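Here's the structure we're looking at; comments come further down.
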Amino acid sequence: MHILVVNDDGPPNTKLSPYLRPLVDTLKANGHQVSVAIPAASRSWIGKAHLIEASLTASYVHPDAFRADGSWDTSFESPDPENDWVVIRNGTPASCAQLGLYNLFSERAPIDLVISGPNHGRNASTIYNLSSGTVGGALEAVFCGKRGIAISFGSKDPQPGDVIAAAARLAVRVVRHLYENWDERVELYNINVPMVLDVEERPVLYTRTLPYYWSRGCLYAEEGTGKKVNGVNGVNGVNGVNGVNGVNGVNGVHVNGDTNGTTVNGHAPSPRQRQFKWSADLSDMKKTFQESEEGTDAHTVLNGSTSVTALRANFWHVPDLEGPLDLDS
């Protein structure tokens, strides 16, 4: 079987992408032809996005040329150019799937399956599935007429080599089983593998997706303060005294020396700006996962079993809400 592997964590990297090379090596050891197309940098939480204003540059890199930090030795002479990986600057998982299927490996046999991953950490629940670049890569495969499987290795903590090897071996077995027994109702599968040494002896279970919605704003913080926003550790203000939409202000009046649109020393003030950075606080989500019902993806992987969730690649309409709207009723 010819398998295209894409991911959202980028090139092999001990911190961000430690699972990619072991999975690819295990797939090849099991007799599969493997082509690899990956973003040049981490593209987590990007879903099925394409960066339409960006030019994409594809570099062919031998897997042995990568350094521990994800960079690669440009002077490395590939001993086997036909099996080089492709690293795509400005790439996303979805664009890697597109280019991998249509442009990059035309001299090789047709691709039978797209594997996206393995993600560094689990992708369980609706929020993760809809945000995940790993799932996004598999979704793109479906829209290109191919079968897609998203794989996540369920831990961001450093793992010993024997645990990673066990997860890779099991993932390859599950992939083969799903491919050979594909349910025609299914467009893609989402697999979560727990990182435990005896994972190969533990159950592999079909699961449903855990529904999850944000209970509060918890993904961003205002830069320079460490304060959360959206009502957490402040009311739309930063270090303000009763500040509403004020920065270092009293009652939201002064903004960096300006007075909310009033001239200062005869000059109109600069537009007020606030800077935010990614600062995810997932404590509520983790608590919900711990309390999740048996049979969900989150409960299954947290309890040490491998989760396989069968998915359709669409936002389907709500049944019976069809036809004209009676706006006068």
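Chains: A, B, ... in order of the structure tokens. Residues: from 1 per chain. Ligands: from 1, in order shown.
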
Task: 10 Å contact set for Asn129 of chain A, only C-alpha atoms, chain neighbours under 4 positions out, as an NGL selection string - done: :A and (45 or 47 or 122-125 or 133-136 or 150 or 190 or 209-210)

Give me the residues near segment 22-36 of chain A as a tab-separated table (two decimals) with N, CA, C and O atoms, in the first residue's frame, where near means some atom within 7 Å (using only C-alpha atoms) and where sequence neighbours in that chain fewer than 3 positions away do not count.
chain	number	residue	atom	x	y	z
A	1	MET	N	0.85	-1.19	0.00
A	1	MET	CA	0.00	0.00	0.00
A	1	MET	C	0.88	1.24	0.00
A	1	MET	O	1.88	1.32	0.72
A	2	HIS	N	0.53	2.23	-0.82
A	2	HIS	CA	1.25	3.49	-0.87
A	2	HIS	C	0.53	4.49	0.02
A	2	HIS	O	-0.64	4.83	-0.23
A	3	ILE	N	1.22	4.97	1.03
A	3	ILE	CA	0.62	5.85	2.04
A	3	ILE	C	1.30	7.21	1.99
A	3	ILE	O	2.53	7.31	2.00
A	4	LEU	N	0.48	8.26	1.92
A	4	LEU	CA	0.98	9.63	2.08
A	4	LEU	C	0.83	10.01	3.54
A	4	LEU	O	-0.26	9.92	4.11
A	5	VAL	N	1.93	10.44	4.16
A	5	VAL	CA	1.91	10.90	5.55
A	5	VAL	C	2.09	12.41	5.57
A	5	VAL	O	3.04	12.94	5.00
A	6	VAL	N	1.15	13.11	6.21
A	6	VAL	CA	1.25	14.54	6.47
A	6	VAL	C	1.12	14.74	7.98
A	6	VAL	O	0.77	13.82	8.70
A	19	TYR	N	7.13	11.97	17.22
A	19	TYR	CA	6.51	10.69	16.88
A	19	TYR	C	6.50	10.39	15.39
A	19	TYR	O	6.18	9.27	14.98
A	85	TRP	N	11.86	13.03	1.98
A	85	TRP	CA	10.64	13.67	2.45
A	85	TRP	C	10.55	15.06	1.82
A	85	TRP	O	11.55	15.61	1.36
A	86	VAL	N	9.34	15.63	1.84
A	86	VAL	CA	9.15	16.98	1.33
A	86	VAL	C	8.70	17.89	2.47
A	86	VAL	O	7.71	17.58	3.16
A	165	ALA	N	7.69	3.22	20.31
A	165	ALA	CA	7.72	2.10	19.37
A	165	ALA	C	6.46	1.25	19.47
A	165	ALA	O	5.90	0.81	18.46
A	168	ALA	N	3.59	3.09	17.83
A	168	ALA	CA	3.72	3.05	16.38
A	168	ALA	C	3.31	1.68	15.83
A	168	ALA	O	2.61	1.60	14.81
A	169	ARG	N	3.75	0.62	16.49
A	169	ARG	CA	3.38	-0.72	16.02
A	169	ARG	C	1.86	-0.92	16.06
A	169	ARG	O	1.26	-1.44	15.11
A	172	VAL	N	0.04	1.11	13.30
A	172	VAL	CA	0.16	0.50	11.98
A	172	VAL	C	-0.80	-0.69	11.86
A	172	VAL	O	-1.43	-0.90	10.81

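In terms of minimum interatomic distance to Gln98 of chain A, A:Leu139 ranks closest within A:Val301, A:Glu223, A:Gly295, A:Leu139, counting only C-alpha atoms.
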
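Across A:Ala41, A:Val308, A:Ala298, A:Leu113, the tightest approach to Ala171 of chain A is made by A:Val308 when counting only C-alpha atoms.
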